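Structure data follow from data04.tsv (TSV, C-alpha atoms):
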chain	number	residue	atom	x	y	z
J	235	MET	CA	-5.97	-6.09	25.48
J	236	SER	CA	-6.91	-9.69	26.25
J	237	GLU	CA	-5.47	-12.71	24.50
J	238	PHE	CA	-8.87	-13.33	22.91
J	239	ASP	CA	-8.91	-9.84	21.40
J	240	ALA	CA	-5.34	-10.25	20.14
J	241	LEU	CA	-6.26	-13.55	18.47
J	242	ASP	CA	-9.35	-12.00	16.89
J	243	HIS	CA	-7.24	-9.15	15.51
J	244	GLN	CA	-4.80	-11.58	13.93
J	245	VAL	CA	-7.68	-13.47	12.31
J	246	GLN	CA	-9.06	-10.22	10.89
J	247	LEU	CA	-5.63	-9.17	9.61
J	248	ARG	CA	-5.23	-12.49	7.83
J	249	ALA	CA	-8.71	-12.22	6.28
J	250	LEU	CA	-8.04	-8.65	5.13
J	251	ALA	CA	-4.67	-9.66	3.69
J	252	ALA	CA	-6.27	-12.56	1.81
J	253	ALA	CA	-8.86	-10.25	0.26
J	254	LEU	CA	-6.23	-7.68	-0.76
J	255	GLU	CA	-3.90	-10.31	-2.21
J	256	ARG	CA	-6.74	-11.67	-4.32
J	257	LEU	CA	-7.52	-8.18	-5.63
J	258	CYS	CA	-3.86	-7.50	-6.42
J	259	THR	CA	-3.74	-10.72	-8.42
J	260	LEU	CA	-6.82	-9.82	-10.45
J	261	ASN	CA	-6.03	-6.15	-11.06
J	262	CYS	CA	-4.02	-4.80	-13.96
J	263	ASP	CA	-0.81	-2.87	-13.46
J	264	MET	CA	-1.67	0.63	-14.71
J	265	ARG	CA	1.66	2.37	-14.01
J	266	SER	CA	2.44	2.79	-17.70
J	267	THR	CA	-0.81	4.66	-18.47
J	268	THR	CA	-1.94	6.32	-15.23
J	269	PRO	CA	0.90	6.32	-12.65
J	270	THR	CA	0.19	7.64	-9.16
J	271	VAL	CA	2.35	8.68	-6.21
J	272	PHE	CA	1.43	5.41	-4.51
J	273	ASP	CA	3.09	3.27	-7.20
J	274	ALA	CA	6.45	1.72	-6.35
J	275	ILE	CA	9.03	0.90	-9.01
J	276	SER	CA	9.34	-2.73	-7.91
J	277	VAL	CA	7.21	-5.11	-5.88
J	278	PRO	CA	8.16	-4.98	-2.16
J	279	ALA	CA	9.65	-8.14	-0.72
J	280	MET	CA	7.28	-8.25	2.28
J	281	SER	CA	3.88	-9.88	1.78
J	282	ILE	CA	0.69	-7.95	2.47
J	283	HIS	CA	-0.11	-10.06	5.51
J	284	CYS	CA	3.33	-9.60	7.05
J	285	TYR	CA	3.16	-5.89	6.33
J	286	LEU	CA	-0.17	-5.59	8.16
J	287	VAL	CA	1.21	-7.64	11.06
J	288	ARG	CA	4.19	-5.32	11.29
J	289	LEU	CA	2.04	-2.17	11.32
J	290	HIS	CA	-0.25	-3.68	13.94
J	291	ARG	CA	2.62	-4.86	16.15
J	292	TYR	CA	4.53	-1.59	16.26
J	293	THR	CA	1.59	0.82	16.58
J	294	ARG	CA	-0.81	1.39	19.45
J	295	PHE	CA	-3.86	2.27	17.41
J	296	ASP	CA	-7.34	1.04	18.17
J	297	PHE	CA	-8.00	-1.79	15.71
J	298	VAL	CA	-10.87	0.17	14.19
J	299	CYS	CA	-8.20	2.30	12.48
J	300	PHE	CA	-7.40	-0.66	10.22
J	301	HIS	CA	-11.06	-0.91	9.23
J	302	VAL	CA	-11.32	2.82	8.53
J	303	ALA	CA	-8.10	2.67	6.50
J	304	THR	CA	-9.60	-0.12	4.40
J	305	TRP	CA	-12.68	2.00	3.82
J	306	TYR	CA	-10.43	4.80	2.57
J	307	LEU	CA	-8.93	2.46	-0.01
J	308	ARG	CA	-12.38	1.55	-1.30
J	309	GLN	CA	-13.28	5.21	-1.70
J	310	LEU	CA	-10.14	5.74	-3.79
J	311	CYS	CA	-11.00	2.73	-5.97
J	312	ILE	CA	-14.48	4.08	-6.62
J	313	GLN	CA	-13.05	7.45	-7.71
J	314	ASP	CA	-10.32	6.21	-10.02
J	315	PRO	CA	-9.29	2.67	-11.10
J	316	ALA	CA	-5.65	3.81	-11.06
J	317	PHE	CA	-5.84	3.56	-7.25
J	318	CYS	CA	-7.13	-0.02	-7.23
J	319	PRO	CA	-4.70	-2.19	-5.22
J	320	THR	CA	-1.86	-3.91	-7.05
J	321	MET	CA	1.35	-5.43	-5.74
J	322	HIS	CA	3.13	-2.19	-6.67
J	323	ASN	CA	0.93	0.21	-4.68
J	324	VAL	CA	-0.90	-1.69	-1.91
J	325	HIS	CA	1.85	-1.32	0.73
J	326	ARG	CA	2.11	2.44	0.29
J	327	LEU	CA	-1.68	2.77	0.22
J	328	LEU	CA	-1.98	0.85	3.48
J	329	VAL	CA	0.58	2.82	5.49
J	330	ALA	CA	-0.79	6.17	4.28
J	331	ALA	CA	-4.40	5.15	4.95
J	332	LEU	CA	-3.55	3.87	8.43
J	333	LEU	CA	-1.73	7.10	9.26
J	334	VAL	CA	-4.70	9.23	8.17
J	335	SER	CA	-7.29	7.02	9.89
J	336	SER	CA	-5.42	7.14	13.21
J	337	LYS	CA	-5.37	10.94	13.16
J	338	ALA	CA	-9.03	11.16	12.14
J	339	THR	CA	-10.59	8.58	14.45
J	340	ASP	CA	-8.24	7.66	17.33
J	341	ASP	CA	-7.06	9.46	20.46
J	342	ILE	CA	-3.61	7.94	19.90
J	343	PHE	CA	-1.53	8.54	16.80
J	344	HIS	CA	2.15	8.29	16.01
J	345	ALA	CA	4.47	10.88	14.53
J	346	ASN	CA	4.99	10.63	10.79
J	347	GLN	CA	8.69	9.83	11.32
J	348	PHE	CA	7.72	6.76	13.32
J	349	MET	CA	5.14	5.63	10.75
J	350	ALA	CA	7.69	6.08	7.96
J	351	GLN	CA	10.02	3.71	9.81
J	352	CYS	CA	7.19	1.22	10.32
J	353	GLY	CA	6.21	1.38	6.66
J	354	GLY	CA	9.74	1.33	5.24
J	355	ILE	CA	9.44	4.54	3.24
J	356	GLY	CA	10.99	7.99	3.50
J	357	PHE	CA	9.63	10.55	5.94
J	358	HIS	CA	9.05	13.26	3.32
J	359	GLU	CA	7.60	10.67	0.98
J	360	LEU	CA	5.01	9.62	3.58
J	361	ASN	CA	4.07	13.27	4.09
J	362	LYS	CA	3.26	13.52	0.38
J	363	LEU	CA	1.22	10.31	0.45
J	364	GLU	CA	-0.75	11.54	3.47
J	365	LEU	CA	-1.65	14.82	1.79
J	366	GLU	CA	-2.51	13.11	-1.50
J	367	MET	CA	-4.85	10.67	0.24
J	368	CYS	CA	-6.66	13.40	2.19
J	369	GLU	CA	-7.17	15.48	-0.93
J	370	ARG	CA	-8.35	12.48	-2.94
J	371	LEU	CA	-10.88	11.71	-0.21
J	372	HIS	CA	-11.95	15.39	-0.21
J	373	TRP	CA	-11.18	15.37	3.52
J	374	ARG	CA	-14.16	13.11	4.18
J	375	LEU	CA	-12.38	10.95	6.74
J	376	LEU	CA	-15.19	9.69	8.98
J	377	PRO	CA	-17.21	6.72	7.66
J	378	THR	CA	-20.75	6.05	8.83
J	379	VAL	CA	-21.82	3.11	10.96
J	380	GLU	CA	-23.40	1.55	7.88
J	381	ASP	CA	-20.11	1.86	5.99
J	382	MET	CA	-18.29	-0.02	8.75
J	383	ARG	CA	-20.98	-2.68	9.01
J	384	GLU	CA	-20.79	-3.31	5.26
J	385	LEU	CA	-16.99	-3.57	5.41
J	386	LEU	CA	-16.92	-5.98	8.36
J	387	THR	CA	-19.42	-8.24	6.60
J	388	ALA	CA	-17.31	-8.31	3.43
J	389	ILE	CA	-13.91	-8.95	5.08
J	390	SER	CA	-14.85	-12.54	5.90
J	391	ASN	CA	-16.03	-13.15	2.32
J	392	PRO	CA	-13.51	-12.29	-0.43
J	393	GLN	CA	-16.12	-13.17	-3.07
J	394	ALA	CA	-18.65	-10.61	-1.81
J	395	SER	CA	-19.94	-8.00	-4.24
J	396	TYR	CA	-18.41	-5.36	-1.96
J	397	TRP	CA	-15.02	-6.01	-3.56
J	398	SER	CA	-16.17	-5.49	-7.16
J	399	ALA	CA	-15.50	-1.75	-6.85
J	400	TRP	CA	-11.85	-2.59	-6.08
J	401	LEU	CA	-11.27	-4.19	-9.49
J	402	ASN	CA	-9.83	-2.20	-12.39
J	403	ALA	CA	-9.89	-5.05	-14.93
J	404	PRO	CA	-13.63	-4.78	-15.87
J	405	ARG	CA	-13.20	-1.06	-16.47
J	406	ARG	CA	-10.18	-1.73	-18.67
J	407	LEU	CA	-12.17	-4.29	-20.65
J	408	ALA	CA	-14.91	-1.75	-21.25
J	409	SER	CA	-12.41	0.63	-22.83
J	410	PRO	CA	-11.97	0.55	-26.65
J	411	GLN	CA	-8.21	0.51	-26.10
J	412	ALA	CA	-8.48	-2.78	-24.26
J	413	GLU	CA	-8.94	-4.91	-27.36
J	414	PRO	CA	-6.44	-7.78	-27.32
J	415	GLU	CA	-4.06	-7.95	-30.24
J	416	ALA	CA	-4.34	-10.97	-32.46
J	417	SER	CA	-1.40	-13.29	-32.84
J	418	ALA	CA	0.10	-14.46	-36.15
J	419	SER	CA	-2.31	-17.40	-36.16
J	420	GLY	CA	-5.27	-15.08	-35.76
J	421	GLU	CA	-6.02	-16.06	-32.16
J	422	ALA	CA	-6.20	-13.61	-29.26
J	423	THR	CA	-3.00	-13.59	-27.24
J	424	ALA	CA	-4.47	-13.30	-23.76
J	425	GLU	CA	-7.38	-11.87	-21.87
J	426	VAL	CA	-6.72	-8.21	-21.15
J	427	GLY	CA	-8.36	-8.40	-17.75
J	428	VAL	CA	-5.51	-10.48	-16.37
J	429	THR	CA	-2.62	-8.93	-18.29
J	430	ARG	CA	0.20	-7.64	-16.07
J	431	LEU	CA	3.23	-5.59	-16.97
J	432	PRO	CA	6.63	-7.26	-16.66
J	433	HIS	CA	8.95	-6.53	-13.75
J	434	ALA	CA	10.24	-2.98	-13.46
J	435	LYS	CA	13.68	-3.86	-14.78
J	436	SER	CA	12.18	-4.81	-18.17
J	437	VAL	CA	10.79	-1.28	-18.62
J	438	GLN	CA	14.00	0.47	-17.57
J	439	ASP	CA	14.22	2.52	-20.77
J	440	SER	CA	10.83	4.18	-20.29
J	441	LEU	CA	11.55	4.76	-16.62
J	442	ALA	CA	14.90	6.31	-17.48
J	443	ARG	CA	13.11	8.76	-19.74
J	444	LEU	CA	10.56	9.47	-17.00
J	445	PHE	CA	13.25	10.24	-14.43
J	446	ARG	CA	15.62	12.10	-16.76
J	447	GLY	CA	16.74	15.25	-15.05
J	448	GLY	CA	16.42	13.80	-11.52
J	449	HIS	CA	19.27	13.26	-9.10
J	450	SER	CA	20.32	10.23	-7.16
J	451	GLY	CA	19.99	9.96	-3.45
J	452	SER	CA	17.55	9.10	-0.71
J	453	ASP	CA	15.27	11.04	1.56
J	454	GLY	CA	15.35	9.08	4.77
J	455	ASN	CA	14.88	5.49	3.64
J	456	LEU	CA	15.41	2.65	6.07
J	457	ALA	CA	18.55	0.58	5.81
J	458	ALA	CA	16.38	-2.45	6.56
J	459	LEU	CA	12.63	-2.71	6.98
J	460	GLY	CA	13.11	-5.49	9.50
J	461	SER	CA	14.69	-3.07	12.00
J	462	LYS	CA	12.66	-1.89	14.96
J	463	PRO	CA	11.29	1.65	14.69
J	464	GLN	CA	12.68	3.78	17.52
J	465	VAL	CA	10.60	6.96	17.26
J	466	ALA	CA	8.08	7.43	20.04
J	467	ALA	CA	4.30	7.61	19.90
J	468	ALA	CA	2.32	10.77	20.37
J	469	ASP	CA	-0.62	10.16	22.72
J	470	GLY	CA	-3.39	12.52	21.72
J	471	GLY	CA	-1.05	15.32	20.61
J	472	PRO	CA	1.81	16.20	18.27
J	473	ALA	CA	4.57	15.87	20.89
J	474	ALA	CA	6.38	12.51	20.91
J	475	THR	CA	7.77	10.76	23.97
J	476	ALA	CA	10.98	8.75	23.73
J	477	THR	CA	10.05	5.07	23.97
J	478	ALA	CA	11.48	2.00	22.28
J	479	VAL	CA	9.40	-0.76	20.78
J	480	ARG	CA	10.21	-4.01	22.50
J	481	SER	CA	8.67	-6.66	20.30
J	482	ALA	CA	10.36	-8.02	17.18
J	483	PRO	CA	8.58	-8.82	13.90
J	484	GLU	CA	6.66	-12.05	13.86
J	485	GLU	CA	8.57	-15.13	12.70
J	486	GLY	CA	8.29	-15.53	8.96
J	487	CYS	CA	7.30	-11.88	8.47
J	488	LYS	CA	10.73	-10.31	8.19
J	489	SER	CA	11.71	-8.49	5.03
J	490	SER	CA	15.08	-8.61	3.37
J	491	ASN	CA	17.44	-5.65	3.72
J	492	GLY	CA	17.09	-2.78	1.30
J	493	GLY	CA	15.65	0.68	0.81
J	494	SER	CA	12.07	1.85	0.67
J	495	PRO	CA	9.53	1.20	-2.10
J	496	ARG	CA	10.37	4.07	-4.43
J	497	SER	CA	7.54	5.95	-6.09
J	498	VAL	CA	7.20	5.86	-9.87
J	499	LEU	CA	6.47	9.60	-9.86
J	500	GLN	CA	9.31	10.51	-7.49
J	501	ARG	CA	12.37	11.99	-9.17
J	502	THR	CA	14.74	11.07	-6.36
J	503	PHE	CA	15.51	7.45	-7.05
J	504	SER	CA	18.11	4.70	-6.77
J	505	LEU	CA	19.67	3.06	-9.83
J	506	SER	CA	19.53	-0.29	-8.06
J	507	ASN	CA	15.75	0.04	-7.80
J	508	LEU	CA	15.42	1.36	-11.34
J	509	PHE	CA	17.05	-1.72	-12.87
J	510	GLY	CA	15.48	-4.20	-10.44
J	511	LEU	CA	18.76	-4.96	-8.66
J	512	SER	CA	17.67	-4.02	-5.15
J	513	THR	CA	17.82	-6.88	-2.69
J	514	GLY	CA	14.90	-5.58	-0.72
J	515	TRP	CA	12.35	-2.83	-1.30
Representation of the structure as C-alpha coordinates:
Amino acid sequence: MSEFDALDHQVQLRALAAALERLCTLNCDMRSTTPTVFDAISVPAMSIHCYLVRLHRYTRFDFVCFHVATWYLRQLCIQDPAFCPTMHNVHRLLVAALLVSSKATDDIFHANQFMAQCGGIGFHELNKLELEMCERLHWRLLPTVEDMRELLTAISNPQASYWSAWLNAPRRLASPQAEPEASASGEATAEVGVTRLPHAKSVQDSLARLFRGGHSGSDGNLAALGSKPQVAAADGGPAATATAVRSAPEEGCKSSNGGSPRSVLQRTFSLSNLFGLSTGW
(Lines of atoms letter the chains of each structure in order from A and count residues from 1; the text may use other names and numbers.)
(Lines give C-alpha, C1' and ligand atoms only; values in the text may rest on other atoms or scores of the structure.)
Protein backbone atom coordinates (compact mmCIF):
# COMPACT_ATOMS: atom_id res chain seq x y z
CA MET A 1 0.00 0.00 0.00
CA SER A 2 1.39 3.39 -1.00
CA GLU A 3 1.73 6.35 1.32
CA PHE A 4 -0.99 8.12 -0.65
CA ASP A 5 -3.42 5.26 -0.07
CA ALA A 6 -2.55 5.15 3.63
CA LEU A 7 -3.20 8.89 3.94
CA ASP A 8 -6.51 8.56 2.10
CA HIS A 9 -7.57 5.76 4.45
CA GLN A 10 -6.81 7.89 7.50
CA VAL A 11 -8.87 10.74 6.06
CA GLN A 12 -11.80 8.40 5.47
CA LEU A 13 -11.51 6.95 8.98
CA ARG A 14 -11.60 10.44 10.46
CA ALA A 15 -14.63 11.38 8.35
CA LEU A 16 -16.46 8.19 9.33
CA ALA A 17 -15.62 8.73 13.00
CA ALA A 18 -16.91 12.31 12.83
CA ALA A 19 -20.21 11.15 11.35
CA LEU A 20 -20.63 8.39 13.96
CA GLU A 21 -19.75 10.70 16.85
CA ARG A 22 -22.36 13.19 15.67
CA LEU A 23 -24.99 10.43 15.52
CA CYS A 24 -24.07 9.15 18.99
CA THR A 25 -24.51 12.67 20.35
CA LEU A 26 -27.95 13.06 18.79
CA ASN A 27 -29.32 9.60 19.58
CA CYS A 28 -31.12 8.63 22.76
CA ASP A 29 -29.82 5.95 25.07
CA MET A 30 -32.44 3.20 24.82
CA ARG A 31 -30.85 0.62 27.15
CA SER A 32 -33.58 1.00 29.76
CA THR A 33 -36.42 0.20 27.33
CA THR A 34 -34.94 -1.95 24.55
CA PRO A 35 -31.49 -3.27 25.54
CA THR A 36 -29.49 -5.26 23.00
CA VAL A 37 -26.43 -7.50 23.17
CA PHE A 38 -24.39 -4.66 21.67
CA ASP A 39 -25.00 -2.33 24.64
CA ALA A 40 -22.14 -1.88 27.09
CA ILE A 41 -22.74 -1.02 30.74
CA SER A 42 -20.46 2.03 30.63
CA VAL A 43 -19.04 4.22 27.88
CA PRO A 44 -15.65 2.91 26.66
CA ALA A 45 -12.68 5.16 27.33
CA MET A 46 -11.40 5.02 23.73
CA SER A 47 -12.89 7.46 21.23
CA ILE A 48 -14.57 6.21 18.07
CA HIS A 49 -11.79 7.58 15.88
CA CYS A 50 -9.03 5.95 17.92
CA TYR A 51 -10.97 2.70 17.95
CA LEU A 52 -11.23 2.71 14.15
CA VAL A 53 -7.52 3.56 13.87
CA ARG A 54 -6.68 0.63 16.13
CA LEU A 55 -8.79 -1.83 14.12
CA HIS A 56 -7.29 -0.57 10.86
CA ARG A 57 -3.71 -0.70 12.17
CA TYR A 58 -3.81 -4.24 13.53
CA THR A 59 -5.82 -5.90 10.74
CA ARG A 60 -4.88 -6.63 7.14
CA PHE A 61 -8.31 -6.22 5.62
CA ASP A 62 -8.98 -4.46 2.36
CA PHE A 63 -10.30 -1.02 3.29
CA VAL A 64 -13.59 -1.79 1.58
CA CYS A 65 -14.40 -3.96 4.62
CA PHE A 66 -14.80 -0.78 6.68
CA HIS A 67 -17.30 0.56 4.14
CA VAL A 68 -19.26 -2.70 4.09
CA ALA A 69 -19.27 -2.77 7.90
CA THR A 70 -20.73 0.74 7.92
CA TRP A 71 -23.43 -0.38 5.52
CA TYR A 72 -24.29 -3.21 7.92
CA LEU A 73 -24.83 -0.68 10.70
CA ARG A 74 -27.23 1.30 8.55
CA GLN A 75 -29.26 -1.82 7.80
CA LEU A 76 -29.58 -2.49 11.53
CA CYS A 77 -30.71 1.10 12.15
CA ILE A 78 -33.40 0.80 9.49
CA GLN A 79 -34.73 -2.40 11.08
CA ASP A 80 -34.83 -1.27 14.70
CA PRO A 81 -33.98 2.10 16.35
CA ALA A 82 -32.55 0.18 19.32
CA PHE A 83 -29.51 -0.53 17.14
CA CYS A 84 -28.88 3.11 16.24
CA PRO A 85 -25.35 4.06 17.33
CA THR A 86 -24.84 5.50 20.80
CA MET A 87 -21.69 5.84 22.89
CA HIS A 88 -22.68 2.64 24.70
CA ASN A 89 -22.98 0.37 21.64
CA VAL A 90 -21.00 1.85 18.73
CA HIS A 91 -17.67 0.19 19.59
CA ARG A 92 -19.18 -3.29 19.84
CA LEU A 93 -21.21 -2.70 16.67
CA LEU A 94 -18.08 -1.69 14.77
CA VAL A 95 -15.90 -4.65 15.73
CA ALA A 96 -18.69 -7.15 15.04
CA ALA A 97 -19.56 -5.54 11.70
CA LEU A 98 -15.91 -5.45 10.62
CA LEU A 99 -15.47 -9.11 11.52
CA VAL A 100 -18.52 -10.13 9.48
CA SER A 101 -17.65 -7.92 6.51
CA SER A 102 -14.12 -9.33 6.29
CA LYS A 103 -15.43 -12.89 6.14
CA ALA A 104 -18.12 -11.98 3.59
CA THR A 105 -16.14 -9.81 1.19
CA ASP A 106 -12.37 -10.24 1.67
CA ASP A 107 -9.90 -13.01 0.88
CA ILE A 108 -8.14 -12.24 4.17
CA PHE A 109 -9.82 -12.47 7.55
CA HIS A 110 -8.57 -12.88 11.09
CA ALA A 111 -9.51 -15.46 13.68
CA ASN A 112 -12.17 -14.37 16.15
CA GLN A 113 -9.67 -14.61 19.02
CA PHE A 114 -7.47 -12.03 17.31
CA MET A 115 -10.42 -9.71 16.58
CA ALA A 116 -11.56 -9.99 20.20
CA GLN A 117 -8.12 -8.79 21.31
CA CYS A 118 -8.24 -5.93 18.80
CA GLY A 119 -11.71 -4.90 19.92
CA GLY A 120 -11.11 -5.30 23.66
CA ILE A 121 -13.96 -7.72 24.30
CA GLY A 122 -14.18 -11.38 25.27
CA PHE A 123 -13.77 -14.10 22.66
CA HIS A 124 -17.08 -15.82 23.43
CA GLU A 125 -18.78 -12.45 23.61
CA LEU A 126 -17.59 -11.55 20.10
CA ASN A 127 -18.90 -14.88 18.82
CA LYS A 128 -22.36 -13.96 20.12
CA LEU A 129 -22.19 -10.50 18.55
CA GLU A 130 -21.15 -11.99 15.20
CA LEU A 131 -24.07 -14.42 15.15
CA GLU A 132 -26.54 -11.76 16.30
CA MET A 133 -25.45 -9.39 13.53
CA CYS A 134 -25.71 -12.03 10.81
CA GLU A 135 -29.17 -13.05 11.93
CA ARG A 136 -30.34 -9.44 12.19
CA LEU A 137 -29.11 -8.85 8.64
CA HIS A 138 -30.91 -12.06 7.53
CA TRP A 139 -27.53 -13.18 6.18
CA ARG A 140 -27.68 -10.55 3.44
CA LEU A 141 -24.02 -9.61 3.69
CA LEU A 142 -23.16 -8.36 0.19
CA PRO A 143 -24.18 -4.77 -0.63
CA THR A 144 -24.75 -3.63 -4.19
CA VAL A 145 -22.55 -1.18 -6.07
CA GLU A 146 -25.26 1.45 -5.66
CA ASP A 147 -25.27 0.89 -1.89
CA MET A 148 -21.52 1.52 -1.73
CA ARG A 149 -21.72 4.57 -3.99
CA GLU A 150 -24.41 6.09 -1.77
CA LEU A 151 -22.35 5.42 1.36
CA LEU A 152 -19.12 6.89 -0.03
CA THR A 153 -20.97 10.04 -1.05
CA ALA A 154 -22.46 10.45 2.43
CA ILE A 155 -19.26 9.84 4.44
CA SER A 156 -17.83 13.20 3.41
CA ASN A 157 -21.07 14.98 4.37
CA PRO A 158 -22.33 14.31 7.93
CA GLN A 159 -25.42 16.43 7.20
CA ALA A 160 -26.53 14.28 4.25
CA SER A 161 -30.01 12.76 4.31
CA TYR A 162 -28.34 9.34 4.23
CA TRP A 163 -27.74 9.58 7.98
CA SER A 164 -31.37 10.31 8.91
CA ALA A 165 -32.08 6.57 9.10
CA TRP A 166 -29.38 6.31 11.80
CA LEU A 167 -31.29 8.56 14.22
CA ASN A 168 -33.59 7.13 16.87
CA ALA A 169 -34.69 10.47 18.34
CA PRO A 170 -37.36 11.32 15.69
CA ARG A 171 -38.91 7.89 16.16
CA ARG A 172 -38.97 8.40 19.92
CA LEU A 173 -40.65 11.78 19.46
CA ALA A 174 -43.34 10.18 17.32
CA SER A 175 -44.20 7.79 20.14
CA PRO A 176 -47.02 8.76 22.57
CA GLN A 177 -44.73 7.79 25.44
CA ALA A 178 -42.26 10.45 24.41
CA GLU A 179 -44.24 13.36 25.82
CA PRO A 180 -42.00 15.47 28.06
CA GLU A 181 -43.13 15.84 31.65
CA ALA A 182 -44.00 19.32 32.78
CA SER A 183 -42.07 20.91 35.59
CA ALA A 184 -43.59 22.52 38.69
CA SER A 185 -43.77 25.83 36.84
CA GLY A 186 -45.69 24.24 34.01
CA GLU A 187 -42.83 24.40 31.49
CA ALA A 188 -41.43 21.38 29.65
CA THR A 189 -38.27 20.10 31.25
CA ALA A 190 -36.29 19.26 28.12
CA GLU A 191 -36.68 18.09 24.58
CA VAL A 192 -37.04 14.32 24.53
CA GLY A 193 -35.05 13.99 21.34
CA VAL A 194 -31.83 14.93 23.12
CA THR A 195 -32.49 13.31 26.49
CA ARG A 196 -29.78 10.87 27.60
CA LEU A 197 -29.73 8.48 30.51
CA PRO A 198 -27.24 9.18 33.31
CA HIS A 199 -24.02 7.20 33.65
CA ALA A 200 -24.38 3.50 34.37
CA LYS A 201 -23.46 3.88 38.03
CA SER A 202 -26.58 6.00 38.64
CA VAL A 203 -28.83 3.13 37.52
CA GLN A 204 -27.03 0.48 39.55
CA ASP A 205 -30.19 -0.66 41.33
CA SER A 206 -32.03 -1.56 38.13
CA LEU A 207 -28.93 -3.23 36.73
CA ALA A 208 -28.51 -5.23 39.92
CA ARG A 209 -32.05 -6.53 39.49
CA LEU A 210 -31.34 -7.32 35.83
CA PHE A 211 -28.23 -9.33 36.67
CA ARG A 212 -29.58 -11.01 39.81
CA GLY A 213 -28.74 -14.67 39.65
CA GLY A 214 -25.56 -14.16 37.57
CA HIS A 215 -22.05 -14.94 38.70
CA SER A 216 -18.94 -12.84 38.72
CA GLY A 217 -16.03 -13.48 36.46
CA SER A 218 -14.74 -12.83 32.98
CA ASP A 219 -14.69 -14.72 29.73
CA GLY A 220 -11.40 -13.73 28.19
CA ASN A 221 -11.31 -9.96 28.60
CA LEU A 222 -8.13 -8.06 27.91
CA ALA A 223 -6.09 -6.78 30.82
CA ALA A 224 -5.51 -3.63 28.76
CA LEU A 225 -6.91 -2.63 25.39
CA GLY A 226 -3.70 -0.79 24.61
CA SER A 227 -1.76 -4.08 24.45
CA LYS A 228 -0.78 -5.49 21.08
CA PRO A 229 -2.88 -8.42 19.87
CA GLN A 230 -0.66 -11.48 19.40
CA VAL A 231 -2.97 -13.91 17.61
CA ALA A 232 -2.14 -14.49 13.96
CA ALA A 233 -4.16 -13.75 10.85
CA ALA A 234 -5.84 -16.39 8.74
CA ASP A 235 -5.18 -15.75 5.04
CA GLY A 236 -8.15 -17.06 3.11
CA GLY A 237 -8.85 -19.93 5.52
CA PRO A 238 -9.63 -20.81 9.14
CA ALA A 239 -6.07 -21.82 10.07
CA ALA A 240 -4.02 -19.09 11.77
CA THR A 241 -0.28 -18.57 11.40
CA ALA A 242 1.79 -17.36 14.35
CA THR A 243 2.78 -13.76 13.65
CA ALA A 244 3.18 -10.77 15.93
CA VAL A 245 1.91 -7.31 15.15
CA ARG A 246 4.80 -4.90 15.09
CA SER A 247 3.19 -1.49 15.13
CA ALA A 248 1.98 0.21 18.30
CA PRO A 249 -1.24 2.23 18.62
CA GLU A 250 -1.10 5.70 17.21
CA GLU A 251 -0.04 8.46 19.61
CA GLY A 252 -3.05 9.87 21.42
CA CYS A 253 -5.17 6.81 20.63
CA LYS A 254 -4.26 4.61 23.58
CA SER A 255 -6.94 3.51 26.00
CA SER A 256 -6.58 3.27 29.73
CA ASN A 257 -6.17 -0.13 31.36
CA GLY A 258 -9.26 -2.11 32.20
CA GLY A 259 -11.55 -4.90 31.05
CA SER A 260 -13.81 -5.13 28.05
CA PRO A 261 -17.05 -3.21 27.44
CA ARG A 262 -19.49 -5.49 29.23
CA SER A 263 -22.86 -6.17 27.64
CA VAL A 264 -26.02 -5.02 29.38
CA LEU A 265 -27.65 -8.36 28.55
CA GLN A 266 -24.68 -10.49 29.60
CA ARG A 267 -25.04 -12.14 33.01
CA THR A 268 -21.31 -12.56 33.53
CA PHE A 269 -20.25 -9.16 34.77
CA SER A 270 -17.81 -7.26 36.97
CA LEU A 271 -18.94 -5.28 40.01
CA SER A 272 -16.43 -2.57 39.13
CA ASN A 273 -18.19 -2.08 35.80
CA LEU A 274 -21.64 -2.31 37.34
CA PHE A 275 -21.02 0.60 39.72
CA GLY A 276 -18.98 2.65 37.23
CA LEU A 277 -15.69 2.14 39.08
CA SER A 278 -13.73 0.60 36.22
CA THR A 279 -10.70 2.60 35.20
CA GLY A 280 -10.99 1.54 31.60
CA TRP A 281 -13.65 -0.29 29.61
Quiz prompt | Residue with smallest distance to Ile275 of chain J - pool J:Met321, J:Ile389, J:Leu327, J:Ala399, counting only C-alpha atoms | solution =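 Of J:Met321, J:Ile389, J:Leu327, J:Ala399, the one nearest Ile275 of chain J, counting only C-alpha atoms, is J:Met321.
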Exercise. Using all atoms listed in the file, find the one residue out of J:Gln313, J:Gly356, J:Leu333, J:Pro319 that sits nearest to His290 of chain J.
Key: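 Closest residue, counting all atoms listed in the file: J:Leu333.
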Quiz item: Between atom CA of Cys299 of chain J and atom CA of Ala388 of chain J, what is the spacing in Å?
Solution: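 So the answer is 16.7 Å.
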Practice problem: Find the distance between atom CA of Arg265 of chain J and atom CA of Cys311 of chain J and write it in Å to one decimal. | Solution: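 Calculated distance between atom CA of Arg265 of chain J and atom CA of Cys311 of chain J is 15.0 Å.
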Practice problem: Point out the residue among J:Arg256, J:Leu241, J:Ala249, J:Cys262 with the least atom-to-atom distance to Pro315 of chain J, counting all atoms listed in the file. | Solution: J:Cys262
Quiz item: Could you work out how far atom CA of Cys284 of chain J lies from atom CA of Ala338 of chain J, giving the answer in Å with one decimal?
Solution: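 Atom-to-atom, atom CA of Ala338 of chain J to atom CA of Cys284 of chain J, that is 24.7 Å.
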Quiz item: Counting only C-alpha atoms, which of J:Leu363, J:Val324, J:Ile355, J:Ala350 gets nearest to Leu257 of chain J?
Solution: J:Val324
Within 10 Å of Ser336 of chain J using all atoms listed in the file, minus same-chain residues under 6 positions, as a PDB file with C-alpha atoms, in the coordinates of the input:
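To be explicit, this is the file written out as selection_12.pdb:
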ATOM      1  CA  ARG J 294      -0.810   1.390  19.450  1.00  0.00           C
ATOM      2  CA  PHE J 295      -3.860   2.270  17.410  1.00  0.00           C
ATOM      3  CA  ASP J 296      -7.340   1.040  18.170  1.00  0.00           C
ATOM      4  CA  PHE J 297      -8.000  -1.790  15.710  1.00  0.00           C
ATOM      5  CA  VAL J 298     -10.870   0.170  14.190  1.00  0.00           C
ATOM      6  CA  CYS J 299      -8.200   2.300  12.480  1.00  0.00           C
ATOM      7  CA  PHE J 300      -7.400  -0.660  10.220  1.00  0.00           C
ATOM      8  CA  VAL J 302     -11.320   2.820   8.530  1.00  0.00           C
ATOM      9  CA  ALA J 303      -8.100   2.670   6.500  1.00  0.00           C
ATOM     10  CA  ILE J 342      -3.610   7.940  19.900  1.00  0.00           C
ATOM     11  CA  PHE J 343      -1.530   8.540  16.800  1.00  0.00           C
ATOM     12  CA  HIS J 344       2.150   8.290  16.010  1.00  0.00           C
TER      13      HIS J 344
END
Exercise. Using all atoms listed in the file, find the one residue out of J:Asn361, J:Thr259, J:Gln347, J:Gln309 that sits nearest to Tyr396 of chain J.
Key: J:Gln309
